[in-house]
$ cat input.cif   # mmCIF, C-alpha atoms and all ligand atoms
data_work
#
loop_
_atom_site.label_atom_id
_atom_site.label_comp_id
_atom_site.auth_asym_id
_atom_site.auth_seq_id
_atom_site.Cartn_x
_atom_site.Cartn_y
_atom_site.Cartn_z
CA MET R 1 18.38 -7.91 -29.57
CA ARG R 2 20.01 -8.36 -26.24
CA PHE R 3 16.85 -9.31 -24.37
CA SER R 4 15.21 -11.67 -26.80
CA SER R 5 16.44 -14.83 -25.12
CA LEU R 6 15.41 -13.56 -21.72
CA LEU R 7 12.01 -12.58 -22.96
CA LEU R 8 11.53 -15.97 -24.53
CA SER R 9 12.48 -17.74 -21.34
CA ALA R 10 9.34 -16.35 -19.78
CA GLY R 11 7.17 -18.94 -21.45
CA LEU R 12 9.13 -22.15 -21.04
CA GLY R 13 7.38 -23.67 -18.06
CA ALA R 14 5.97 -27.14 -18.42
CA ALA R 15 2.61 -28.25 -17.10
CA ALA R 16 2.87 -30.14 -13.84
CA THR R 17 1.04 -30.79 -10.64
CA ILE R 18 2.71 -28.89 -7.85
CA PRO R 19 2.82 -30.47 -4.43
CA ARG R 20 2.11 -27.78 -1.86
CA GLN R 21 5.04 -27.38 0.46
CA ALA R 22 4.79 -25.86 3.87
CA ASP R 23 7.13 -22.91 4.14
CA THR R 24 8.49 -22.76 7.64
CA SER R 25 11.16 -20.13 7.09
CA CYS R 26 8.73 -17.20 7.27
CA THR R 27 8.09 -17.10 10.99
CA ASN R 28 7.70 -13.39 11.48
CA PRO R 29 5.97 -11.87 8.44
CA VAL R 30 6.14 -8.11 8.04
CA LYS R 31 2.77 -6.36 8.08
CA ARG R 32 2.31 -3.74 5.39
CA ALA R 33 0.40 -0.59 6.26
CA GLU R 34 -1.63 1.88 4.25
CA TRP R 35 0.22 5.10 3.47
CA ARG R 36 -2.06 7.42 5.47
CA THR R 37 -1.71 5.31 8.60
CA LEU R 38 2.06 5.79 8.72
CA SER R 39 3.54 8.45 10.96
CA THR R 40 4.89 11.56 9.26
CA GLU R 41 8.38 10.47 10.21
CA VAL R 42 7.96 7.10 8.59
CA GLN R 43 6.49 8.65 5.46
CA LYS R 44 9.55 10.87 5.18
CA GLN R 45 11.83 7.89 5.66
CA TYR R 46 10.13 6.08 2.81
CA VAL R 47 10.62 9.04 0.49
CA ASP R 48 14.24 9.27 1.69
CA ALA R 49 14.77 5.67 0.66
CA VAL R 50 13.44 6.47 -2.82
CA LEU R 51 15.71 9.50 -3.09
CA CYS R 52 18.60 7.38 -1.84
CA LEU R 53 18.14 4.86 -4.67
CA LYS R 54 18.22 7.74 -7.13
CA THR R 55 21.77 8.55 -6.01
CA LYS R 56 23.19 5.02 -6.28
CA PRO R 57 24.60 3.36 -9.40
CA SER R 58 22.63 0.75 -11.28
CA GLY R 59 22.78 -2.76 -9.90
CA MET R 60 22.52 -4.10 -13.43
CA GLY R 61 25.54 -2.42 -15.01
CA LEU R 62 23.53 0.34 -16.66
CA ASN R 63 24.75 3.92 -16.79
CA THR R 64 21.72 5.09 -14.84
CA THR R 65 20.73 4.97 -11.17
CA ARG R 66 19.62 2.04 -9.10
CA TYR R 67 16.14 3.47 -9.00
CA ASP R 68 16.08 3.63 -12.82
CA ASP R 69 16.66 -0.16 -12.92
CA PHE R 70 12.97 -0.57 -12.08
CA PRO R 71 11.43 1.34 -15.01
CA TYR R 72 14.12 -0.15 -17.26
CA VAL R 73 13.21 -3.73 -16.39
CA HIS R 74 9.49 -3.07 -16.36
CA THR R 75 9.41 -1.49 -19.82
CA HIS R 76 11.67 -4.11 -21.40
CA LEU R 77 9.33 -6.83 -20.15
CA ASP R 78 6.14 -4.89 -20.88
CA LYS R 79 4.60 -7.43 -23.25
CA THR R 80 5.69 -10.40 -21.15
CA ILE R 81 4.17 -9.30 -17.85
CA HIS R 82 0.93 -7.48 -18.75
CA THR R 83 -2.45 -8.86 -19.84
CA VAL R 84 -1.13 -12.33 -19.06
CA ALA R 85 -1.55 -14.70 -16.13
CA MET R 86 1.79 -13.82 -14.53
CA PHE R 87 0.80 -10.16 -14.15
CA LEU R 88 0.02 -10.59 -10.45
CA PRO R 89 2.93 -12.78 -9.30
CA TRP R 90 5.45 -10.88 -11.43
CA HIS R 91 4.50 -7.55 -9.90
CA ARG R 92 4.32 -9.09 -6.43
CA LEU R 93 8.01 -9.92 -6.57
CA PHE R 94 8.93 -6.74 -8.47
CA VAL R 95 7.54 -4.60 -5.67
CA LYS R 96 9.40 -6.66 -3.12
CA SER R 97 12.31 -8.60 -4.49
CA THR R 98 14.67 -10.26 -2.09
CA LYS R 99 18.21 -11.43 -1.54
CA THR R 100 19.95 -9.63 -4.36
CA PRO R 101 23.63 -8.74 -4.18
CA SER R 102 22.86 -5.29 -5.58
CA ALA R 103 20.29 -4.70 -2.87
CA THR R 104 22.98 -5.45 -0.33
CA VAL R 105 25.11 -2.66 -1.79
CA ALA R 106 22.23 -0.21 -1.58
CA ILE R 107 21.53 -1.28 1.97
CA ARG R 108 25.15 -0.85 3.06
CA ALA R 109 25.12 2.64 1.56
CA LEU R 110 22.05 3.47 3.57
CA TRP R 111 23.57 1.98 6.70
CA ARG R 112 26.36 4.47 6.55
CA LYS R 113 23.78 7.24 6.64
CA HIS R 114 21.33 5.66 9.07
CA PRO R 115 22.42 2.89 11.45
CA PRO R 116 20.26 -0.20 10.93
CA THR R 117 17.77 -1.76 13.24
CA PRO R 118 17.14 -5.52 13.01
CA PHE R 119 15.51 -6.56 9.78
CA THR R 120 14.09 -9.76 8.50
CA SER R 121 15.11 -9.93 4.87
CA PHE R 122 17.04 -8.25 2.12
CA GLY R 123 14.92 -6.77 -0.59
CA PHE R 124 15.27 -4.04 -3.08
CA LEU R 125 13.28 -0.83 -3.02
CA CYS R 126 11.24 -2.00 -0.10
CA SER R 127 14.02 -3.58 1.84
CA VAL R 128 16.24 -0.55 1.70
CA TRP R 129 13.36 0.91 3.61
CA LEU R 130 12.89 -2.28 5.61
CA ILE R 131 16.17 -1.75 7.37
CA ARG R 132 14.47 0.78 9.53
CA LEU R 133 10.80 0.37 8.90
CA GLN R 134 10.20 -3.32 8.44
CA TYR R 135 7.55 -3.04 5.77
CA CYS R 136 6.36 -1.71 2.45
CA SER R 137 3.28 0.42 2.17
CA TYR R 138 0.30 0.58 -0.14
CA TRP R 139 -2.22 3.15 -1.33
CA ASP R 140 -5.81 2.02 -0.83
CA TRP R 141 -7.39 4.16 -3.54
CA THR R 142 -10.88 2.93 -2.66
CA LEU R 143 -10.70 5.35 0.29
CA ASP R 144 -10.22 8.34 -2.01
CA THR R 145 -12.76 7.91 -4.78
CA ASP R 146 -14.79 10.97 -3.70
CA ASP R 147 -11.93 13.12 -5.01
CA VAL R 148 -8.81 11.20 -5.90
CA THR R 149 -6.88 14.39 -6.59
CA LYS R 150 -7.04 15.07 -2.83
CA ALA R 151 -5.66 11.69 -1.75
CA PRO R 152 -3.04 11.88 1.04
CA VAL R 153 -0.40 10.32 -1.23
CA TRP R 154 -0.28 13.59 -3.21
CA ASP R 155 0.47 15.73 -0.17
CA PRO R 156 3.66 17.76 -0.71
CA GLU R 157 4.73 17.28 2.92
CA THR R 158 3.57 13.79 3.82
CA GLY R 159 3.28 12.23 0.36
CA PHE R 160 4.84 12.32 -3.08
CA GLY R 161 3.62 15.71 -4.30
CA GLY R 162 0.65 16.22 -6.60
CA ASN R 163 -0.22 16.89 -10.20
CA GLY R 164 2.19 18.18 -12.81
CA ASP R 165 2.52 21.78 -13.94
CA PRO R 166 -0.98 23.18 -14.52
CA ALA R 167 0.45 25.76 -16.94
CA ILE R 168 1.25 23.01 -19.46
CA ASP R 169 -1.78 22.22 -21.58
CA PRO R 170 -1.28 18.62 -22.70
CA MET R 171 -3.53 19.26 -25.67
CA LYS R 172 -0.98 21.72 -27.01
CA GLU R 173 2.26 20.33 -25.62
CA SER R 174 3.54 16.93 -24.63
CA SER R 175 2.16 15.87 -21.27
CA ALA R 176 5.73 14.72 -20.54
CA LYS R 177 6.37 18.39 -19.80
CA LYS R 178 3.93 18.43 -16.90
CA CYS R 179 6.75 18.26 -14.37
CA LEU R 180 5.88 18.02 -10.69
CA VAL R 181 5.49 21.42 -9.07
CA ASP R 182 5.58 20.46 -5.40
CA GLY R 183 6.67 17.77 -2.96
CA PRO R 184 9.94 15.89 -2.45
CA LEU R 185 10.18 14.79 -6.10
CA LYS R 186 9.86 18.26 -7.58
CA GLY R 187 12.81 18.68 -9.94
CA SER R 188 13.39 14.92 -9.95
CA GLN R 189 14.77 13.48 -13.17
CA VAL R 190 13.94 10.03 -14.53
CA ALA R 191 16.04 8.30 -17.16
CA TYR R 192 13.81 6.20 -19.39
CA THR R 193 10.86 6.47 -21.71
CA MET R 194 9.51 3.58 -23.74
CA SER R 195 11.91 4.69 -26.50
CA GLY R 196 14.96 4.16 -24.32
CA TYR R 197 17.33 6.49 -22.51
CA GLN R 198 15.63 9.88 -22.56
CA PRO R 199 16.20 11.78 -19.32
CA HIS R 200 13.26 13.99 -18.41
CA CYS R 201 11.44 15.49 -15.46
CA LEU R 202 9.07 13.28 -13.51
CA ALA R 203 5.61 14.26 -14.79
CA ARG R 204 2.01 13.69 -13.77
CA ASN R 205 -1.03 14.55 -15.79
CA PHE R 206 -4.15 13.91 -13.72
CA ASN R 207 -7.06 12.79 -15.86
CA SER R 208 -4.65 12.60 -18.80
CA GLY R 209 -5.67 16.06 -19.93
CA ILE R 210 -9.21 15.98 -21.21
CA ALA R 211 -9.71 12.28 -21.74
CA PHE R 212 -11.52 11.71 -18.44
CA PRO R 213 -12.59 15.16 -17.28
CA GLY R 214 -12.59 15.56 -13.55
CA ASP R 215 -13.32 12.06 -12.40
CA MET R 216 -9.92 10.33 -12.34
CA LEU R 217 -11.78 7.23 -13.63
CA ALA R 218 -12.81 6.66 -10.03
CA ASP R 219 -15.82 4.49 -10.96
CA SER R 220 -13.33 1.78 -11.85
CA TYR R 221 -11.80 1.52 -8.39
CA THR R 222 -14.56 2.28 -5.88
CA LYS R 223 -15.09 -0.13 -3.02
CA ALA R 224 -18.19 -1.40 -4.86
CA PHE R 225 -16.20 -2.09 -8.02
CA VAL R 226 -13.41 -3.80 -6.13
CA ASP R 227 -15.94 -5.95 -4.26
CA LYS R 228 -17.30 -7.17 -7.57
CA VAL R 229 -13.83 -8.13 -8.72
CA ALA R 230 -13.16 -9.87 -5.40
CA ALA R 231 -16.33 -11.94 -5.86
CA LEU R 232 -14.94 -13.62 -8.99
CA ASP R 233 -14.26 -17.22 -8.30
CA ASN R 234 -11.31 -18.17 -10.45
CA TYR R 235 -7.84 -16.76 -10.86
CA ALA R 236 -8.03 -16.04 -14.59
CA ASP R 237 -11.18 -13.92 -14.28
CA PHE R 238 -9.92 -12.22 -11.13
CA ARG R 239 -6.57 -11.29 -12.68
CA TYR R 240 -8.22 -10.08 -15.88
CA SER R 241 -10.69 -7.82 -14.06
CA LEU R 242 -8.24 -6.48 -11.50
CA GLU R 243 -5.60 -5.66 -14.11
CA GLY R 244 -7.96 -4.18 -16.69
CA GLY R 245 -10.18 -2.41 -14.14
CA PRO R 246 -8.75 -0.70 -11.05
CA HIS R 247 -5.10 -1.29 -11.91
CA GLY R 248 -5.28 0.21 -15.39
CA ALA R 249 -7.57 3.04 -14.32
CA ILE R 250 -5.10 4.38 -11.75
CA HIS R 251 -2.22 4.29 -14.23
CA SER R 252 -4.31 6.21 -16.78
CA ALA R 253 -5.85 8.65 -14.31
CA VAL R 254 -2.52 9.69 -12.76
CA GLY R 255 -1.07 10.03 -16.24
CA GLY R 256 2.32 11.50 -17.12
CA ASP R 257 5.02 9.01 -16.23
CA MET R 258 2.47 6.64 -14.67
CA SER R 259 0.88 5.88 -18.04
CA PRO R 260 3.59 4.28 -20.21
CA ALA R 261 5.42 1.02 -19.49
CA THR R 262 8.10 3.04 -17.71
CA SER R 263 5.57 3.74 -14.94
CA PRO R 264 7.92 2.72 -12.08
CA ASN R 265 9.52 6.10 -12.84
CA ASP R 266 6.89 7.44 -10.45
CA PRO R 267 7.33 6.03 -6.91
CA ILE R 268 3.55 6.00 -6.55
CA PHE R 269 3.78 2.91 -8.77
CA PHE R 270 5.02 0.86 -5.82
CA LEU R 271 2.20 1.94 -3.52
CA HIS R 272 -0.32 1.36 -6.29
CA HIS R 273 0.99 -2.14 -6.92
CA GLY R 274 1.08 -2.74 -3.18
CA GLN R 275 -2.68 -2.23 -3.23
CA VAL R 276 -3.13 -4.47 -6.29
CA ASP R 277 -1.11 -7.14 -4.50
CA ARG R 278 -3.13 -6.63 -1.33
CA LEU R 279 -6.39 -7.24 -3.18
CA TRP R 280 -4.97 -10.45 -4.66
CA THR R 281 -3.72 -11.49 -1.20
CA GLN R 282 -7.14 -10.85 0.35
CA TRP R 283 -8.76 -12.83 -2.45
CA GLN R 284 -6.35 -15.71 -1.81
CA GLN R 285 -7.09 -15.63 1.91
CA GLU R 286 -10.78 -16.22 1.26
CA ASN R 287 -9.80 -19.78 0.39
CA PRO R 288 -6.07 -20.21 0.98
CA GLU R 289 -5.84 -23.93 0.24
CA LYS R 290 -7.28 -23.45 -3.21
CA ARG R 291 -6.19 -19.97 -4.13
CA THR R 292 -2.51 -20.04 -3.22
CA THR R 293 -2.12 -22.78 -5.79
CA GLU R 294 -4.69 -21.55 -8.29
CA PHE R 295 -3.15 -19.99 -11.37
CA GLY R 296 -4.11 -19.88 -15.03
CA GLY R 297 -5.03 -17.86 -18.06
CA PRO R 298 -2.91 -16.77 -21.00
CA LYS R 299 0.77 -17.58 -20.71
CA THR R 300 1.68 -14.98 -23.35
CA GLN R 301 0.02 -12.12 -25.17
CA GLY R 302 -1.55 -12.89 -28.53
CA LYS R 303 -3.87 -15.44 -30.03
CA ASN R 304 -1.56 -18.43 -29.80
CA SER R 305 -0.96 -18.24 -26.10
CA GLY R 306 -0.82 -21.51 -24.22
CA GLU R 307 -2.21 -21.94 -20.72
CA ALA R 308 -0.03 -20.55 -17.96
CA THR R 309 1.18 -22.87 -15.20
CA LEU R 310 2.77 -22.55 -11.77
CA GLU R 311 6.01 -23.84 -13.29
CA ASP R 312 6.31 -20.87 -15.63
CA VAL R 313 9.52 -18.93 -15.09
CA MET R 314 9.19 -15.20 -14.55
CA PRO R 315 12.08 -13.12 -15.96
CA TYR R 316 13.57 -10.10 -14.19
CA LEU R 317 16.51 -9.35 -16.54
CA GLY R 318 19.00 -9.55 -13.68
CA LEU R 319 17.21 -7.19 -11.30
CA VAL R 320 16.66 -10.31 -9.23
CA PRO R 321 17.09 -13.94 -10.25
CA ASP R 322 14.28 -15.34 -12.38
CA VAL R 323 11.76 -17.28 -10.35
CA LYS R 324 8.94 -19.75 -10.92
CA VAL R 325 5.41 -18.51 -10.41
CA LYS R 326 4.81 -21.12 -7.68
CA GLU R 327 7.47 -19.53 -5.46
CA THR R 328 5.50 -16.31 -5.24
CA MET R 329 1.97 -17.59 -4.79
CA SER R 330 1.94 -17.00 -1.06
CA THR R 331 3.04 -13.70 0.49
CA GLN R 332 4.39 -15.86 3.30
CA ALA R 333 6.77 -17.76 1.07
CA SER R 334 10.34 -17.46 2.35
CA ARG R 335 11.46 -14.89 -0.19
CA LEU R 336 8.43 -12.67 0.44
CA CYS R 337 7.29 -13.09 4.05
CA TYR R 338 4.77 -10.31 4.61
CA THR R 339 1.06 -9.86 5.27
CA TYR R 340 -1.48 -7.06 4.95
CU CU I 1 3.40 -3.39 -14.73
#
$ encode --input "input.cif" --output "structure tokens"
Amino acid sequence: MRFSSLLLSAGLGAAATIPRQADTSCTNPVKRAEWRTLSTEVQKQYVDAVLCLKTKPSGMGLNTTRYDDFPYVHTHLDKTIHTVAMFLPWHRLFVKSTKTPSATVAIRALWRKHPPTPFTSFGFLCSVWLIRLQYCSYWDWTLDTDDVTKAPVWDPETGFGGNGDPAIDPMKESSAKKCLVDGPLKGSQVAYTMSGYQPHCLARNFNSGIAFPGDMLADSYTKAFVDKVAALDNYADFRYSLEGGPHGAIHSAVGGDMSPATSPNDPIFFLHHGQVDRLWTQWQQENPEKRTTEFGGPKTQGKNSGEATLEDVMPYLGLVPDVKVKETMSTQASRLCYTY
């Protein structure tokens, strides 16, 4: 199996005490904004950047698009990056990865279409957008728990379109057939399922059919719920509750392509994980000295997991270079350099 060695490399870090180093290269961090606070023009530019990536060749030598690199990497690393300590730092860098040669290609392609304004760093999905907009966005789902199906992110004009085809009954047919019926991604094809290369329409299946009738599992990501998670005092408990609670609930509630490990197929993934990262960042800022160096919990899935450390190496299969956990603990580290 081509990826076995890469997957194994995820767990090779050795325990060590990490001296905290001041990072002086991030002098002008980019501030990320909530989706609904962006202007309509900026929202459209974000979606344009997504559509742009769907027209560019893979940066990893695959026969699929540059956008498809994200679900490809995410699903191949599924068991390495979920329900383990590195869940938060891995996704932090995945949502905003920096200084990749392939990103430079994507950026140049976009330059030809839209002349650049000054930008602070090269990234991938986000930094293609950064050329003009300077920041990623996030979806604060705690603002929408009264009726999540009406959240602004689903707007066909100023968001990503809404639920999949209501004519498809997922109890009778595969929910993968619930293709989007409105918005800029209507008709959009994605390349991967968890079984491999299987091109299909981008699908959503709110409430996953009948499993959670009507409520979009909103109890698991209300402000009150999130506050309880934020009150946890150590990283391992915080990560566990954030991942298994609000994070997992949104993936399940949106359904369709957001449910399996190929969930980056749906661009809402990046706004969702922006919010997850924001909650971790806010938690860290409650006690920065302690919490930007606090890390722990299971290093790997399964009973025989050792304890994770800041020296653990996080794999990205070539999407970006592998990186140690400690390099991503602060959003103001040089390769990240943003705030909320
Ligand atoms: Cu994930």
$ residues_around --input "input.cif" --residues "Asp266 in chain R" --least-positions-apart "6" --cutoff "8 Å" --atoms "all atoms listed in the file" --output "list in words"
Leu202, Asp257 and Met258 of chain R
$ residues_around --input "input.cif" --residues "Pro156 in chain R" --least-positions-apart "6" --cutoff "12 Å" --atoms "only C-alpha atoms" --output "ChimeraX atom specification"
/R:40,43-44,47,150,162-163,180-186
$ residues_around --input "input.cif" --residues "Ala151 in chain R" --least-positions-apart "3" --cutoff "10 Å" --atoms "all atoms listed in the file" --output "ChimeraX atom specification"
/R:36,139-141,143-148,154-155,159,162
$ write_last_selection --input "input.cif" --atoms "C-alpha atoms" --output "PDB file, in the coordinates of the input"
ATOM      1  CA  ARG R  36      -2.060   7.420   5.470  1.00  0.00           C
ATOM      2  CA  TRP R 139      -2.220   3.150  -1.330  1.00  0.00           C
ATOM      3  CA  ASP R 140      -5.810   2.020  -0.830  1.00  0.00           C
ATOM      4  CA  TRP R 141      -7.390   4.160  -3.540  1.00  0.00           C
ATOM      5  CA  LEU R 143     -10.700   5.350   0.290  1.00  0.00           C
ATOM      6  CA  ASP R 144     -10.220   8.340  -2.010  1.00  0.00           C
ATOM      7  CA  THR R 145     -12.760   7.910  -4.780  1.00  0.00           C
ATOM      8  CA  ASP R 146     -14.790  10.970  -3.700  1.00  0.00           C
ATOM      9  CA  ASP R 147     -11.930  13.120  -5.010  1.00  0.00           C
ATOM     10  CA  VAL R 148      -8.810  11.200  -5.900  1.00  0.00           C
ATOM     11  CA  TRP R 154      -0.280  13.590  -3.210  1.00  0.00           C
ATOM     12  CA  ASP R 155       0.470  15.730  -0.170  1.00  0.00           C
ATOM     13  CA  GLY R 159       3.280  12.230   0.360  1.00  0.00           C
ATOM     14  CA  GLY R 162       0.650  16.220  -6.600  1.00  0.00           C
TER      15      GLY R 162
END
$ closest_residue --input "input.cif" --among "R:His273, R:Lys31, R:Lys223, R:Lys290" --to "His91 in chain R" --atoms "all atoms listed in the file"
R:His273
$ residues_near_ligand --input "input.cif" --ligand "ligand CU 1 (chain I)" --cutoff "8 Å" --atoms "all atoms listed in the file" --output "JSON, numbers by chain"
{"R": [74, 78, 81, 82, 87, 91, 261, 263]}
$ closest_atom_pairs --input "input.cif" --of "range 203-284 of chain R" --to "range 297-311 of chain R" --cutoff "10 Å" --atoms "all atoms listed in the file" --output "Markdown table"
| residue | atom | partner | partner_atom | distance |
| --- | --- | --- | --- | --- |
| R:Asn234 | CA | R:Gly297 | CA | 9.9 |
| R:Tyr235 | CA | R:Gly297 | CA | 7.8 |
| R:Ala236 | CA | R:Gly297 | CA | 4.9 |
| R:Asp237 | CA | R:Gly297 | CA | 8.2 |
| R:Arg239 | CA | R:Gly297 | CA | 8.6 |
| R:Tyr240 | CA | R:Gly297 | CA | 8.7 |
$ residues_around --input "input.cif" --residues "Lys54 in chain R" --least-positions-apart "2" --cutoff "10 Å" --atoms "all atoms listed in the file" --output "NGL selection string"
:R and (48-52 or 56-58 or 64-69 or 188-190)
$ closest_residue --input "input.cif" --among "R:Val84, R:Met216, R:Leu232, R:Cys136" --to "Leu336 in chain R" --atoms "only C-alpha atoms"
R:Cys136
$ atom_distance --input "input.cif" --atom1 "CA of Gly248 in chain R" --atom2 "CA of Ala218 in chain R"
11.3 Å
$ atom_distance --input "input.cif" --atom1 "CA of Met60 in chain R" --atom2 "CA of Leu88 in chain R"
23.6 Å
$ closest_residue --input "input.cif" --among "R:Asn28, R:Gln332, R:Gln285, R:Ser39" --to "Thr158 in chain R" --atoms "all atoms listed in the file"
R:Ser39
